[in-house]
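Next up, data01.csv (CSV, C-alpha atoms and all ligand atoms):
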chain,number,residue,atom,x,y,z
A,1,MET,CA,-12.3,19.7,12.0
A,2,GLY,CA,-9.1,21.7,12.1
A,3,LEU,CA,-7.9,19.8,15.2
A,4,LEU,CA,-8.9,16.5,13.5
A,5,ILE,CA,-6.8,17.4,10.4
A,6,ARG,CA,-3.9,18.3,12.6
A,7,PHE,CA,-4.1,14.9,14.3
A,8,ALA,CA,-4.6,13.1,11.0
A,9,SER,CA,-1.6,14.7,9.5
A,10,GLN,CA,0.7,12.1,11.2
A,11,TRP,CA,-0.7,9.6,8.7
A,12,VAL,CA,-1.9,11.8,5.8
A,13,ALA,CA,0.6,14.1,4.0
A,14,GLY,CA,-2.1,16.8,3.6
A,15,GLU,CA,-4.8,17.8,1.2
A,16,THR,CA,-2.7,18.9,-1.7
A,17,MET,CA,-0.1,17.4,-4.1
A,18,ALA,CA,2.5,19.9,-2.8
A,19,ASP,CA,2.0,18.4,0.7
A,20,ALA,CA,2.6,14.9,-0.7
A,21,ILE,CA,5.7,16.0,-2.6
A,22,ALA,CA,7.1,17.6,0.5
A,23,ARG,CA,6.7,14.4,2.5
A,24,ALA,CA,8.1,12.3,-0.4
A,25,ASP,CA,11.1,14.6,-0.5
A,26,ASP,CA,11.6,14.0,3.2
A,27,ALA,CA,11.3,10.2,2.7
A,28,ASN,CA,14.0,10.4,-0.1
A,29,ARG,CA,16.3,12.4,2.2
A,30,ARG,CA,16.0,9.7,4.8
A,31,GLY,CA,17.0,7.1,2.3
A,32,MET,CA,13.6,5.7,1.5
A,33,GLY,CA,11.5,5.6,-1.6
A,34,ALA,CA,8.0,7.0,-1.6
A,35,VAL,CA,4.8,5.4,-2.8
A,36,LEU,CA,2.2,8.1,-3.4
A,37,ASN,CA,-1.6,7.5,-3.1
A,38,VAL,CA,-4.4,9.9,-3.7
A,39,LEU,CA,-7.0,9.2,-1.1
A,40,GLY,CA,-10.6,8.5,-2.2
A,41,GLU,CA,-12.6,5.3,-3.0
A,42,HIS,CA,-15.9,4.0,-4.2
A,43,TYR,CA,-16.3,6.7,-6.9
A,44,GLU,CA,-19.7,6.4,-8.5
A,45,GLU,CA,-19.3,9.4,-10.9
A,46,ARG,CA,-17.2,9.2,-14.0
A,47,ALA,CA,-16.1,12.8,-13.5
A,48,THR,CA,-14.7,11.9,-10.1
A,49,VAL,CA,-12.7,9.0,-11.6
A,50,ASP,CA,-11.5,11.3,-14.4
A,51,ALA,CA,-10.3,13.9,-11.8
A,52,ALA,CA,-8.4,11.1,-9.9
A,53,MET,CA,-6.8,10.1,-13.2
A,54,ASP,CA,-5.8,13.7,-13.9
A,55,GLU,CA,-4.3,14.0,-10.4
A,56,TYR,CA,-2.2,10.8,-11.0
A,57,PHE,CA,-0.9,12.1,-14.3
A,58,ALA,CA,0.0,15.4,-12.7
A,59,LEU,CA,1.7,13.5,-9.9
A,60,LEU,CA,3.7,11.5,-12.4
A,61,ASP,CA,4.8,14.7,-14.0
A,62,ALA,CA,5.9,16.1,-10.7
A,63,ILE,CA,7.8,13.0,-9.8
A,64,HIS,CA,9.6,13.0,-13.1
A,65,ALA,CA,10.4,16.7,-13.1
A,66,ARG,CA,12.0,16.4,-9.7
A,67,ARG,CA,13.7,13.0,-10.4
A,68,MET,CA,12.3,11.7,-7.2
A,69,ASP,CA,12.5,8.1,-6.0
A,70,ALA,CA,8.7,7.7,-6.0
A,71,SER,CA,6.0,5.5,-7.4
A,72,LEU,CA,2.2,5.5,-7.4
A,73,SER,CA,-0.3,3.3,-5.7
A,74,ILE,CA,-3.9,3.4,-7.1
A,75,LYS,CA,-7.1,2.0,-5.7
A,76,PRO,CA,-9.6,0.0,-8.0
A,77,THR,CA,-12.7,1.9,-6.9
A,78,GLN,CA,-11.1,5.3,-7.6
A,79,THR,CA,-9.9,4.3,-11.1
A,80,GLY,CA,-13.0,2.8,-12.6
A,81,VAL,CA,-13.8,-0.6,-11.2
A,82,THR,CA,-17.1,0.6,-9.9
A,83,PHE,CA,-18.3,1.0,-13.6
A,84,ASP,CA,-16.8,-2.1,-15.2
A,85,ALA,CA,-13.6,-4.1,-15.5
A,86,ASP,CA,-12.8,-2.5,-18.9
A,87,THR,CA,-12.9,1.0,-17.6
A,88,TYR,CA,-10.6,0.0,-14.8
A,89,TRP,CA,-8.2,-1.8,-17.2
A,90,GLN,CA,-8.2,1.1,-19.6
A,91,ASN,CA,-7.3,3.5,-16.8
A,92,VAL,CA,-4.6,1.2,-15.5
A,93,GLN,CA,-3.2,0.9,-19.0
A,94,ARG,CA,-3.2,4.7,-19.5
A,95,ILE,CA,-1.2,5.1,-16.3
A,96,LEU,CA,1.1,2.3,-17.2
A,97,GLU,CA,2.0,3.8,-20.6
A,98,ARG,CA,3.2,6.9,-18.8
A,99,VAL,CA,4.9,4.9,-16.0
A,100,ARG,CA,6.8,2.8,-18.6
A,101,ALA,CA,7.9,5.9,-20.5
A,102,MET,CA,9.3,7.3,-17.2
A,103,ASP,CA,10.8,3.9,-16.1
A,104,ALA,CA,8.7,4.3,-12.9
A,105,PHE,CA,6.6,1.7,-11.1
A,106,LEU,CA,2.9,1.3,-10.4
A,107,TRP,CA,1.4,-0.5,-7.4
A,108,MET,CA,-2.2,-1.6,-7.5
A,109,ASP,CA,-3.9,-1.5,-4.0
A,110,MET,CA,-6.3,-4.2,-3.1
A,111,GLU,CA,-9.7,-3.3,-1.6
A,112,SER,CA,-12.4,-5.5,-0.1
A,113,SER,CA,-12.9,-9.1,-1.3
A,114,ARG,CA,-15.7,-8.0,-3.6
A,115,PHE,CA,-13.0,-6.6,-5.9
A,116,THR,CA,-10.3,-9.3,-5.5
A,117,ASP,CA,-11.2,-11.2,-8.8
A,118,VAL,CA,-11.4,-8.1,-11.0
A,119,THR,CA,-8.3,-6.6,-9.5
A,120,LEU,CA,-6.3,-9.7,-10.1
A,121,ASP,CA,-7.7,-10.1,-13.7
A,122,VAL,CA,-6.7,-6.5,-14.5
A,123,TYR,CA,-3.3,-7.1,-12.8
A,124,ARG,CA,-2.6,-10.1,-14.9
A,125,ARG,CA,-3.5,-8.2,-18.1
A,126,ALA,CA,-1.2,-5.4,-17.0
A,127,LEU,CA,1.7,-7.7,-16.1
A,128,ALA,CA,1.5,-9.3,-19.5
A,129,GLU,CA,2.3,-6.0,-21.1
A,130,TYR,CA,4.2,-3.9,-18.5
A,131,PRO,CA,7.0,-5.2,-16.3
A,132,ASN,CA,6.8,-2.5,-13.7
A,133,VAL,CA,3.6,-3.2,-11.9
A,134,GLY,CA,2.8,-4.9,-8.6
A,135,VAL,CA,-0.3,-5.7,-6.6
A,136,ALA,CA,-1.2,-5.8,-2.9
A,137,MET,CA,-2.3,-9.2,-1.6
A,138,GLN,CA,-4.0,-9.6,1.8
A,139,SER,CA,-3.3,-12.4,4.3
A,140,ASN,CA,-6.8,-12.0,5.9
A,141,LEU,CA,-8.3,-13.7,2.9
A,142,ARG,CA,-8.1,-17.5,2.8
A,143,ARG,CA,-7.7,-17.6,-1.0
A,144,THR,CA,-4.5,-15.4,-0.9
A,145,GLU,CA,-1.9,-18.2,-0.6
A,146,LYS,CA,-3.2,-19.9,-3.7
A,147,ASP,CA,-3.5,-16.5,-5.5
A,148,VAL,CA,0.1,-15.6,-4.7
A,149,GLU,CA,1.3,-19.1,-5.8
A,150,SER,CA,-0.3,-18.6,-9.2
A,151,LEU,CA,0.9,-15.0,-9.5
A,152,LEU,CA,4.5,-16.1,-8.8
A,153,GLU,CA,4.3,-18.6,-11.7
A,154,VAL,CA,3.8,-15.6,-14.1
A,155,GLY,CA,6.4,-13.4,-12.5
A,156,GLY,CA,3.9,-11.4,-10.4
A,157,ILE,CA,5.2,-8.7,-8.0
A,158,VAL,CA,3.4,-8.8,-4.7
A,159,ARG,CA,3.1,-6.4,-1.8
A,160,LEU,CA,2.1,-8.7,1.1
A,161,VAL,CA,-0.2,-6.9,3.6
A,162,LYS,CA,-2.5,-8.2,6.4
A,163,GLY,CA,-5.6,-6.5,4.9
A,164,ALA,CA,-7.4,-3.3,6.0
A,165,TYR,CA,-11.0,-4.4,5.2
A,166,ARG,CA,-13.2,-6.4,7.5
A,167,GLU,CA,-13.6,-9.9,6.1
A,168,VAL,CA,-15.4,-12.9,7.6
A,169,PRO,CA,-15.2,-16.6,7.0
A,170,PRO,CA,-15.4,-18.5,4.8
A,171,VAL,CA,-13.8,-15.8,2.5
A,172,GLY,CA,-11.9,-14.1,5.3
A,173,THR,CA,-9.8,-15.5,8.2
A,174,ALA,CA,-11.5,-16.3,11.5
A,175,ASP,CA,-9.2,-14.1,13.6
A,176,ARG,CA,-6.0,-12.2,13.8
A,177,ARG,CA,-4.1,-15.4,14.6
A,178,GLU,CA,-5.1,-17.0,11.3
A,179,THR,CA,-4.2,-13.8,9.4
A,180,ASP,CA,-0.8,-13.7,11.0
A,181,ALA,CA,-0.2,-17.5,10.4
A,182,ASN,CA,-1.2,-16.9,6.7
A,183,TYR,CA,1.2,-13.9,6.5
A,184,HIS,CA,4.0,-16.0,7.8
A,185,ARG,CA,3.4,-18.8,5.3
A,186,ILE,CA,3.0,-16.5,2.3
A,187,LEU,CA,6.2,-14.7,3.3
A,188,GLU,CA,8.0,-18.0,3.2
A,189,LEU,CA,6.4,-18.7,-0.2
A,190,LEU,CA,7.6,-15.4,-1.5
A,191,PHE,CA,11.2,-16.0,-0.4
A,192,GLU,CA,11.0,-19.6,-1.8
A,193,ARG,CA,9.6,-18.9,-5.2
A,194,GLY,CA,9.6,-15.2,-5.7
A,195,ASP,CA,12.3,-12.8,-6.6
A,196,ARG,CA,10.9,-9.3,-6.4
A,197,PHE,CA,8.2,-8.4,-3.7
A,198,ALA,CA,7.4,-6.1,-0.9
A,199,VAL,CA,6.7,-6.8,2.8
A,200,GLY,CA,4.0,-4.4,3.8
A,201,SER,CA,3.7,-4.5,7.5
A,202,HIS,CA,4.6,-2.7,10.8
A,203,ASP,CA,4.5,-5.9,12.7
A,204,SER,CA,8.0,-6.7,14.2
A,205,ALA,CA,7.2,-10.4,14.1
A,206,MET,CA,6.7,-10.3,10.3
A,207,ILE,CA,9.5,-7.9,9.6
A,208,ASP,CA,12.0,-9.9,11.7
A,209,HIS,CA,10.9,-13.1,9.9
A,210,ALA,CA,11.5,-11.4,6.5
A,211,ARG,CA,14.9,-10.2,7.6
A,212,GLU,CA,15.8,-13.7,8.7
A,213,LEU,CA,14.5,-15.3,5.5
A,214,GLY,CA,16.4,-12.6,3.5
A,215,ARG,CA,19.7,-13.5,5.1
A,216,LYS,CA,19.2,-17.1,4.0
A,217,ARG,CA,17.8,-16.4,0.6
A,218,PRO,CA,18.9,-13.1,-0.9
A,219,ARG,CA,16.0,-11.7,-2.9
A,220,ARG,CA,15.1,-8.3,-4.4
A,221,PHE,CA,12.6,-7.5,-1.7
A,222,GLU,CA,11.7,-4.3,0.1
A,223,PHE,CA,9.9,-3.2,3.2
A,224,GLN,CA,6.9,-0.9,2.8
A,225,LEU,CA,5.5,1.0,5.8
A,226,LEU,CA,2.8,3.7,6.1
A,227,LEU,CA,3.6,7.4,6.7
A,228,GLY,CA,3.6,8.1,10.4
A,229,VAL,CA,4.0,4.6,11.6
A,230,ARG,CA,7.2,3.2,13.2
A,231,ASP,CA,9.6,5.8,12.0
A,232,PRO,CA,12.6,4.6,14.1
A,233,LEU,CA,12.2,1.1,12.6
A,234,LYS,CA,12.2,2.6,9.0
A,235,ASP,CA,15.5,4.3,9.8
A,236,GLU,CA,16.9,1.1,11.3
A,237,LEU,CA,16.0,-0.9,8.2
A,238,VAL,CA,17.6,1.7,5.9
A,239,ARG,CA,20.7,1.7,8.1
A,240,ASP,CA,20.8,-2.1,7.7
A,241,GLY,CA,20.9,-1.7,4.0
A,242,HIS,CA,17.3,-2.7,3.2
A,243,ARG,CA,15.2,-1.0,0.5
A,244,VAL,CA,12.4,0.8,2.4
A,245,GLN,CA,9.5,2.6,0.9
A,246,GLU,CA,7.1,4.9,2.7
A,247,TYR,CA,3.5,4.8,1.6
A,248,ILE,CA,2.3,8.4,1.5
A,249,PRO,CA,-1.5,9.1,1.1
A,250,TYR,CA,-2.9,12.6,0.5
A,251,GLY,CA,-6.0,14.4,-0.6
A,252,PRO,CA,-9.1,16.0,0.7
A,253,SER,CA,-10.9,12.6,1.2
A,254,TRP,CA,-8.7,11.6,4.1
A,255,LEU,CA,-11.4,10.7,6.7
A,256,PRO,CA,-12.1,7.0,5.8
A,257,TYR,CA,-8.3,6.3,5.7
A,258,PHE,CA,-7.8,8.2,9.0
A,259,THR,CA,-10.6,6.2,10.8
A,260,ARG,CA,-9.1,2.9,9.4
A,261,ARG,CA,-5.8,3.8,11.1
A,262,LEU,CA,-7.5,4.6,14.3
A,263,ARG,CA,-9.4,1.3,14.3
A,264,GLU,CA,-6.2,-0.6,13.8
A,265,ARG,CA,-4.6,0.9,16.8
A,266,PRO,CA,-7.2,1.9,19.4
A,267,ARG,CA,-4.6,3.5,21.6
A,268,ASN,CA,-4.4,6.3,19.0
A,269,VAL,CA,-7.9,7.3,19.9
A,270,LEU,CA,-6.8,7.9,23.4
A,271,THR,CA,-3.8,10.0,22.2
A,272,MET,CA,-6.1,12.0,20.0
A,273,VAL,CA,-8.5,12.7,22.8
A,274,ARG,CA,-5.6,13.8,25.0
A,275,SER,CA,-4.3,16.1,22.3
A,276,PHE,CA,-7.7,17.7,21.8
A,277,ILE,CA,-8.0,18.3,25.5
A,278,SER,CA,-4.5,19.9,25.7
A,279,GLY,CA,-5.3,21.9,22.5
H,1,LIG,C1,2.7,0.0,2.4
H,1,LIG,C2,1.4,-0.5,2.8
H,1,LIG,C3,0.4,-0.6,1.8
H,1,LIG,C4,-0.8,-1.2,2.1
H,1,LIG,N1,-1.7,-1.4,1.1
H,1,LIG,C5,-2.9,-2.0,1.4
H,1,LIG,C6,-3.8,-2.5,0.4
H,1,LIG,O1,-3.6,-2.2,-0.8
H,1,LIG,N2,-4.9,-3.1,0.8
H,1,LIG,C7,-5.2,-3.4,2.1
H,1,LIG,O2,-6.2,-4.0,2.4
H,1,LIG,N3,-4.3,-3.0,3.1
H,1,LIG,C8,-3.2,-2.3,2.8
H,1,LIG,N4,-2.3,-2.0,3.8
H,1,LIG,C9,-2.8,-2.0,5.2
H,1,LIG,C10,-2.6,-3.4,5.8
H,1,LIG,O3,-3.4,-4.3,5.2
H,1,LIG,C11,-2.8,-3.3,7.3
H,1,LIG,O4,-4.2,-2.9,7.5
H,1,LIG,C12,-1.9,-2.4,8.1
H,1,LIG,O5,-0.6,-2.4,7.6
H,1,LIG,C13,-1.8,-2.9,9.6
H,1,LIG,O6,-1.3,-4.2,9.6
H,1,LIG,P1,0.2,-4.5,10.1
H,1,LIG,O7,0.8,-5.6,9.3
H,1,LIG,O8,1.0,-3.3,10.2
H,1,LIG,O9,0.0,-5.2,11.5
H,1,LIG,P2,-1.0,-5.0,12.8
H,1,LIG,O10,-1.5,-6.3,13.1
H,1,LIG,O11,-1.9,-3.9,12.6
H,1,LIG,O12,0.1,-4.5,13.8
H,1,LIG,C14,0.9,-5.5,14.4
H,1,LIG,C15,1.9,-4.9,15.3
H,1,LIG,O13,2.7,-3.9,14.6
H,1,LIG,C16,3.1,-3.0,15.6
H,1,LIG,N5,2.6,-1.6,15.3
H,1,LIG,C17,1.6,-1.3,14.5
H,1,LIG,N6,1.4,0.0,14.4
H,1,LIG,C18,2.3,0.6,15.2
H,1,LIG,C19,2.7,1.9,15.6
H,1,LIG,N7,2.0,2.9,15.2
H,1,LIG,N8,3.7,2.0,16.5
H,1,LIG,C20,4.3,1.0,17.0
H,1,LIG,N9,4.1,-0.3,16.7
H,1,LIG,C21,3.1,-0.5,15.8
H,1,LIG,C22,2.5,-3.4,16.9
H,1,LIG,O14,3.5,-4.2,17.5
H,1,LIG,C23,1.3,-4.2,16.5
H,1,LIG,O15,0.9,-5.2,17.4
H,1,LIG,C24,-1.1,-1.5,3.5
H,1,LIG,C25,-0.1,-1.4,4.4
H,1,LIG,C26,1.1,-0.9,4.1
H,1,LIG,C27,2.2,-0.8,5.2
Any chance you could put this one into structure tokens?
Ligand SMILES: Cc1cc2nc3c(=O)[nH]c(=O)nc-3n(C[C@H](O)[C@H](O)[C@H](O)COP(=O)(O)OP(=O)(O)OC[C@H]3O[C@@H](n4cnc5c(N)ncnc54)[C@H](O)[C@@H]3O)c2cc1C
Amino acid sequence: MGLLIRFASQWVAGETMADAIARADDANRRGMGAVLNVLGEHYEERATVDAAMDEYFALLDAIHARRMDASLSIKPTQTGVTFDADTYWQNVQRILERVRAMDAFLWMDMESSRFTDVTLDVYRRALAEYPNVGVAMQSNLRRTEKDVESLLEVGGIVRLVKGAYREVPPVGTADRRETDANYHRILELLFERGDRFAVGSHDSAMIDHARELGRKRPRRFEFQLLLGVRDPLKDELVRDGHRVQEYIPYGPSWLPYFTRRLRERPRNVLTMVRSFISG
């Protein structure tokens, strides 16, 4: 387990808030913002949701006290959606009250398609009251282009990602090619009709397309990349004058996140096995 944690630490800041703050400090020193996420999902106990909420409030205090360039990203199933939409909304609202007082920003992560409707409902309610809130939208869902179109009509702030959850047609895309084609199109839509949004990808094809679109149509957009992925590219984007944010997850429940990262890039499994063999 110790070796596994050591290997996972390239993508996960560590198990404690202090670990996350240290990595966020590092991101800030490199000219990037930090988006902090407490790992954990599918909470079925109210006490676990309450503990996640307490952690987020403590995290906001730490960000504020240190005047860090940092925001939060929260998952629906860790903040109440597993009970009902109202619990989720009330928790989002509680965090947003604090976020507004601090003039900070809240990102709402998107989970599997089971939760898309409720996440978007809560996001719309949040946006109507609080300006500093954004939501992740996944190009591996066929509905996303329409969802983004309608969010842009009400000034929605979108983080466009490919999607980390396995989805199948007719809800999900048929394959990677369709997901990528969707991403391309939605990116163009964002530059056409949006003003403030985030490009959440490590894919050079998507990043280069965004850079090109940004040259033609200056917008308040930023790049968001995960901790431990494509560090030289992050530095290059910063040097080119782009706003870049590093998404920094932490917490004891790191295993599902870690396996997702391994699945996305099978060559990481090989690297991991090699590092275990060499100790
Ligand atoms: C900031 C951020 C927030 C996210 N939030 C969510 C969310 O709320 N909900 C959700 O479902 N998903 C989220 N994701 C995950 C996302 O959906 C994808 O699963 C993940 O980003 C992988 O997709 P990709 O766009 O990087 O492209 P991929 O198709 O995985 O990779 C494309 C290409 O990128 C390059 N690449 C990828 N990794 C590396 C590497 N380590 N080194 C070198 N090149 C590499 C390779 O050229 C690869 O072929 C988020 C991702 C980011 C970056």
Surrounding residues as a ChimeraX atom specification, ligand LIG 1 (chain H), max 7 Å, only C-alpha atoms and all ligand atoms = /A:108-112,136,138,161-165,200-204,224-226,229-230,246-247,264-265
Which residue out of A:Leu72, A:Ile63, A:Met32, A:Leu270 has the minimum interatomic distance to His242 in chain A when all atoms listed in the file are used?
-> A:Met32
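In terms of minimum interatomic distance to Asn91 in chain A, A:Pro76 ranks closest within A:Gly214, A:Gly156, A:Gly251, A:Pro76, counting all atoms listed in the file.
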Identify, on the basis of all atoms listed in the file, every residue whose closest approach to Gly33 in chain A does not exceed 6 Å; exclude the query and any residue fewer than 2 positions from it along the same chain; express the result as a VMD selection string.
-> chain A and resid 28 69 to 70 245
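Counting from CA of Phe223 in chain A, the distance to CA of Val133 in chain A is 16.4 Å.
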Between A:Arg23, A:Arg100, A:Arg211, A:Arg217, single out the one closest to Ala126 in chain A, counting all atoms listed in the file.
-> A:Arg100
Give me the residues within 8 Å of range 254-258 of chain A as number ranges by chain, counting only C-alpha atoms and dropping any in the same chain fewer than 6 places off.
-> A: 8, 11-12, 15, 39-40
Would you list the contacts of range 79-82 of chain A as a CSV table (one decimal) with C-alpha atoms, in the frame of the given file, taking every protein, DNA or RNA residue within 9 Å and counting only C-alpha atoms, but skipping same-chain residues closer than 5 positions in sequence?
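Okay, this is what ended up in part.csv:
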chain,number,residue,atom,x,y,z
A,41,GLU,CA,-12.6,5.3,-3.0
A,42,HIS,CA,-15.9,4.0,-4.2
A,43,TYR,CA,-16.3,6.7,-6.9
A,44,GLU,CA,-19.7,6.4,-8.5
A,46,ARG,CA,-17.2,9.2,-14.0
A,49,VAL,CA,-12.7,9.0,-11.6
A,50,ASP,CA,-11.5,11.3,-14.4
A,52,ALA,CA,-8.4,11.1,-9.9
A,53,MET,CA,-6.8,10.1,-13.2
A,74,ILE,CA,-3.9,3.4,-7.1
A,87,THR,CA,-12.9,1.0,-17.6
A,88,TYR,CA,-10.6,0.0,-14.8
A,89,TRP,CA,-8.2,-1.8,-17.2
A,90,GLN,CA,-8.2,1.1,-19.6
A,91,ASN,CA,-7.3,3.5,-16.8
A,92,VAL,CA,-4.6,1.2,-15.5
A,115,PHE,CA,-13.0,-6.6,-5.9
A,118,VAL,CA,-11.4,-8.1,-11.0
A,119,THR,CA,-8.3,-6.6,-9.5
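With only C-alpha atoms as the atoms that count, the residue of A:Thr16, A:Ser71, A:Tyr130, A:Tyr123 with the shortest distance to Leu96 in chain A is A:Tyr130.
When all atoms listed in the file are used to compute distances to Leu141 in chain A, the closest of the residues A:Asp61, A:Asp103, A:Glu192, A:Glu167 turns out to be A:Glu167.
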Interatomic distance, CA of Asp26 in chain A to CA of Glu236 in chain A (Å, one decimal) | 16.1 Å
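Picture a line from CA of Ala198 in chain A to CA of Arg263 in chain A; it runs 23.8 Å.
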